[in-house]
There are 2 protein chains.
Amino acid sequence: MRKDSTSNNGSSRPESTPKQLRSFERSLPMALLRAREAVMREFRAALRRHGLTEQQWRVLRALTARDEMEILALADVTFLLPPSLSRILRDLEERKLIRRRVIPEDLRRALVSIAPRGIAMIETVGSQSEKTYSEITRRFGADRLRALHELLASLEHSLSEPKPAASPKKRALHARTRAPDLRQRS
Amino acid sequence: MRKDSTSNNGSSRPESTPKQLRSFERSLPMALLRAREAVMREFRAALRRHGLTEQQWRVLRALTARDEMEILALADVTFLLPPSLSRILRDLEERKLIRRRVIPEDLRRALVSIAPRGIAMIETVGSQSEKTYSEITRRFGADRLRALHELLASLEHSLSEPKPAASPKKRALHARTRAPDLRQRS
DNA sequence: GGCTTATGCTTAACATGTTAAACAAAAGCC
DNA sequence: GGCTTTTGTTTAACATGTTAAGCATAAGCC
């Protein structure tokens, strides 16, 4: 729905408004951004209270699921770029929330694991977080939430498949042009 | 430069999840982040080709829908913080993609509008963008896409309502702790 | 009118993400 | 064994987002 362009100024407003571009609201990226922001707003306060950024939390969360993880693997699951992760790990290590050890067989690689203080942190924040999650589920509806998860996963899957025409390279896991996000301050 | 993270080592997936924390994959913020990234990956190339960042594109898109817009209103719809928008507008103005005029009745405020070159840009990139959109729709399915949009809007709406208990303030339009995202380089 | 407060927007300072380069270790090759 | 290439990670330089302060104008009050 364009807005007819000739309301007050005829100045530079060529009536030939760009085709029928979909309305801003129907933009999928915007919708996803807004939804994500709405969700994160619920969680951010708790994280901030504990001096964790969203990314740091993602790292701790990811580590909770595995005993030890290599750094690049961690970068993959947390959706962080290696340089960012590098800084985050340094920080978390200083705060004794995680531990890191070099793999003896290959001195380039390192394994990261969550430290006791990190586990404690996860438990504290995690329980609040789960409460928030329940609240979200209650407000939004468990069935809708499930449906949403399914659609999101499906969307991701649909798009990850190579495009029919023109698929020159098989960019590995984190492609150069990956993604960001960003978040609060500690 | 491969990077198949967890291919060689078997450290993929221990089912020994320490706590009762929901698995990382079931985290709604992560799911939204991944989905958005999957979608944006499809659009980014075209934007980059035209030297537009995602945010700049959002601004132009938003301006296409209206004749003129005040800056703070623009910040709202584009989900950008005023300082970021301020820089973006300066840049877009230098590139003659937008125009800005002060409101005579209130010299503090300004109205921004898209300039002819901006419209041209929108048309070029927009048509490619719509093609990409069609492609996404085709791959994902129009019905599922519609369902997804609906769920996202509904989620956003569910969460925007004041929580039952404790709703101290009515933070106006853009709350302090808003959101970011971030993106490519120009 | 003169004073204080509020508003719209920008600038400044800082934190963080991004990209490219650097480094060290391992793997391949002769 | 040397040599080159590849791999895992970090550092450096830069772009961008974020927060707080600044500035100018407007509005409210006396």
# chains A, B, ... in the order shown; residues from 1 in each chain; ligands from 1
call {"tool": "select_by_dssp", "arguments": {"residues": "region 16-96 of chain B", "states": "helix (DSSP H, G or I)", "output": "number ranges by chain"}}
result
B: 24-26, 28-49, 54-64, 71-78, 82-94
call {"tool": "residues_around", "arguments": {"residues": "DG2 (chain D)", "least_positions_apart": "2", "cutoff": "12 Å", "atoms": "only C-alpha atoms (C1' of nucleotides)", "output": "PyMOL selection string"}}
result
(chain C and resi 29-30) or (chain D and resi 4)
call {"tool": "write_last_selection", "arguments": {"atoms": "N, CA and C atoms (P, O5', C5', C4', C3', O3' and C1' of nucleotides)", "output": "short mmCIF file (atom, residue, chain, number, x, y, z; two decimals), in the first residue's frame"}}
result
data_model
loop_
_atom_site.label_atom_id
_atom_site.label_comp_id
_atom_site.auth_asym_id
_atom_site.auth_seq_id
_atom_site.Cartn_x
_atom_site.Cartn_y
_atom_site.Cartn_z
P DC C 29 49.88 -34.35 -0.71
"O5'" DC C 29 51.37 -33.95 -1.11
"C5'" DC C 29 51.63 -32.64 -1.63
"C4'" DC C 29 53.12 -32.41 -1.77
"C3'" DC C 29 53.86 -33.51 -2.54
"O3'" DC C 29 54.50 -32.94 -3.66
"C1'" DC C 29 55.05 -32.89 -0.59
P DC C 30 54.91 -33.71 -4.91
"O5'" DC C 30 56.49 -33.81 -4.81
"C5'" DC C 30 57.23 -32.58 -4.64
"C4'" DC C 30 58.69 -32.90 -4.38
"C3'" DC C 30 59.10 -34.34 -4.61
"O3'" DC C 30 59.44 -34.53 -5.98
"C1'" DC C 30 60.01 -33.54 -2.57
P DT D 4 59.56 -22.38 0.18
"O5'" DT D 4 58.06 -22.89 0.06
"C5'" DT D 4 57.69 -23.73 -1.06
"C4'" DT D 4 56.32 -24.32 -0.82
"C3'" DT D 4 55.21 -23.29 -0.63
"O3'" DT D 4 54.15 -23.58 -1.55
"C1'" DT D 4 55.14 -24.91 1.09
#
call {"tool": "atom_distance", "arguments": {"atom1": "CA of Arg26 (chain A)", "atom2": "CA of Leu151 (chain B)"}}
result
12.6 Å
call {"tool": "interface_residues", "arguments": {"of": "chain D", "to": "chain B", "cutoff": "12 Å", "atoms": "only C-alpha atoms (C1' of nucleotides)", "output": "number ranges by chain"}}
result
D: 5-8, 14-20, 23-27
call {"tool": "write_last_selection", "arguments": {"atoms": "N, CA and C atoms (P, O5', C5', C4', C3', O3' and C1' of nucleotides)", "output": "short mmCIF file (atom, residue, chain, number, x, y, z; two decimals), in the first residue's frame"}}
result
data_model
loop_
_atom_site.label_atom_id
_atom_site.label_comp_id
_atom_site.auth_asym_id
_atom_site.auth_seq_id
_atom_site.Cartn_x
_atom_site.Cartn_y
_atom_site.Cartn_z
P DT D 5 52.92 -22.57 -1.64
"O5'" DT D 5 51.83 -23.36 -0.79
"C5'" DT D 5 51.51 -24.70 -1.15
"C4'" DT D 5 50.55 -25.29 -0.14
"C3'" DT D 5 49.32 -24.42 0.14
"O3'" DT D 5 48.17 -25.23 0.08
"C1'" DT D 5 50.37 -25.02 2.16
P DT D 6 46.73 -24.56 0.06
"O5'" DT D 6 46.19 -25.01 1.49
"C5'" DT D 6 46.14 -26.41 1.79
"C4'" DT D 6 45.96 -26.58 3.29
"C3'" DT D 6 44.71 -25.88 3.84
"O3'" DT D 6 43.91 -26.87 4.46
"C1'" DT D 6 46.61 -25.48 5.21
P DT D 7 42.47 -26.49 4.99
"O5'" DT D 7 42.77 -26.28 6.54
"C5'" DT D 7 43.34 -27.35 7.29
"C4'" DT D 7 43.55 -26.91 8.73
"C3'" DT D 7 42.36 -26.18 9.34
"O3'" DT D 7 42.11 -26.77 10.61
"C1'" DT D 7 44.33 -24.94 9.67
P DG D 8 40.80 -26.43 11.41
"O5'" DG D 8 41.37 -25.55 12.60
"C5'" DG D 8 42.09 -26.20 13.65
"C4'" DG D 8 42.50 -25.16 14.68
"C3'" DG D 8 41.33 -24.34 15.24
"O3'" DG D 8 41.46 -24.33 16.66
"C1'" DG D 8 42.99 -22.90 14.34
P DC D 14 43.00 1.91 10.07
"O5'" DC D 14 41.42 1.70 9.89
"C5'" DC D 14 40.95 0.75 8.93
"C4'" DC D 14 39.53 0.39 9.24
"C3'" DC D 14 38.56 1.57 9.38
"O3'" DC D 14 37.62 1.46 8.33
"C1'" DC D 14 38.19 -0.07 11.04
P DA D 15 36.60 2.66 8.08
"O5'" DA D 15 35.25 1.97 8.54
"C5'" DA D 15 34.84 0.75 7.92
"C4'" DA D 15 33.56 0.28 8.56
"C3'" DA D 15 32.46 1.34 8.66
"O3'" DA D 15 31.25 0.73 8.25
"C1'" DA D 15 32.93 0.46 10.81
P DT D 16 29.91 1.53 8.25
"O5'" DT D 16 29.27 1.12 9.64
"C5'" DT D 16 28.96 -0.24 9.89
"C4'" DT D 16 28.45 -0.36 11.32
"C3'" DT D 16 27.33 0.65 11.62
"O3'" DT D 16 26.16 -0.09 11.90
"C1'" DT D 16 28.95 0.54 13.37
P DG D 17 24.83 0.61 12.38
"O5'" DG D 17 24.86 0.28 13.94
"C5'" DG D 17 24.82 -1.08 14.35
"C4'" DG D 17 24.94 -1.16 15.86
"C3'" DG D 17 23.81 -0.43 16.60
"O3'" DG D 17 23.47 -1.21 17.75
"C1'" DG D 17 25.89 0.49 17.23
P DT D 18 22.31 -0.73 18.70
"O5'" DT D 18 23.12 0.05 19.83
"C5'" DT D 18 23.97 -0.71 20.68
"C4'" DT D 18 24.43 0.15 21.84
"C3'" DT D 18 23.32 0.93 22.55
"O3'" DT D 18 23.40 0.61 23.92
"C1'" DT D 18 25.13 2.38 21.98
P DT D 19 22.31 1.16 24.93
"O5'" DT D 19 23.04 2.41 25.58
"C5'" DT D 19 24.28 2.20 26.24
"C4'" DT D 19 24.82 3.52 26.76
"C3'" DT D 19 23.76 4.40 27.43
"O3'" DT D 19 24.26 4.78 28.71
"C1'" DT D 19 24.91 5.63 25.76
P DA D 20 23.45 5.75 29.68
"O5'" DA D 20 24.24 7.10 29.44
"C5'" DA D 20 25.67 7.09 29.47
"C4'" DA D 20 26.19 8.47 29.20
"C3'" DA D 20 25.41 9.59 29.90
"O3'" DA D 20 26.33 10.58 30.32
"C1'" DA D 20 25.40 9.97 27.59
P DC D 23 27.62 22.57 24.06
"O5'" DC D 23 26.53 22.89 22.94
"C5'" DC D 23 26.31 21.98 21.89
"C4'" DC D 23 25.15 22.47 21.04
"C3'" DC D 23 24.64 23.86 21.39
"O3'" DC D 23 24.31 24.54 20.21
"C1'" DC D 23 22.89 22.29 21.59
P DA D 24 24.19 26.14 20.20
"O5'" DA D 24 22.78 26.35 19.49
"C5'" DA D 24 22.48 25.62 18.30
"C4'" DA D 24 20.99 25.35 18.27
"C3'" DA D 24 20.13 26.59 18.52
"O3'" DA D 24 19.32 26.81 17.38
"C1'" DA D 24 19.39 24.74 19.82
P DT D 25 18.43 28.11 17.30
"O5'" DT D 25 17.00 27.54 17.71
"C5'" DT D 25 16.44 26.50 16.91
"C4'" DT D 25 15.24 25.95 17.64
"C3'" DT D 25 14.14 26.98 17.91
"O3'" DT D 25 12.97 26.49 17.30
"C1'" DT D 25 14.58 25.66 19.83
P DA D 26 11.68 27.39 17.16
"O5'" DA D 26 10.76 26.78 18.30
"C5'" DA D 26 10.41 25.41 18.20
"C4'" DA D 26 9.81 24.95 19.51
"C3'" DA D 26 8.58 25.75 19.95
"O3'" DA D 26 7.52 24.84 20.12
"C1'" DA D 26 10.11 25.44 21.75
P DA D 27 6.06 25.33 20.41
"O5'" DA D 27 5.96 25.07 21.97
"C5'" DA D 27 6.15 23.73 22.45
"C4'" DA D 27 6.05 23.72 23.96
"C3'" DA D 27 4.82 24.46 24.51
"O3'" DA D 27 4.26 23.65 25.52
"C1'" DA D 27 6.80 25.29 25.51
#
call {"tool": "interface_residues", "arguments": {"of": "chain C", "to": "chain A", "cutoff": "12 Å", "atoms": "only C-alpha atoms (C1' of nucleotides)", "output": "JSON, numbers by chain"}}
result
{"C": [14, 15, 16, 17, 18, 19, 20, 23, 24, 25, 26, 27]}
call {"tool": "atom_distance", "arguments": {"atom1": "CA of Ile114 (chain A)", "atom2": "CA of Thr64 (chain A)"}}
result
6.7 Å
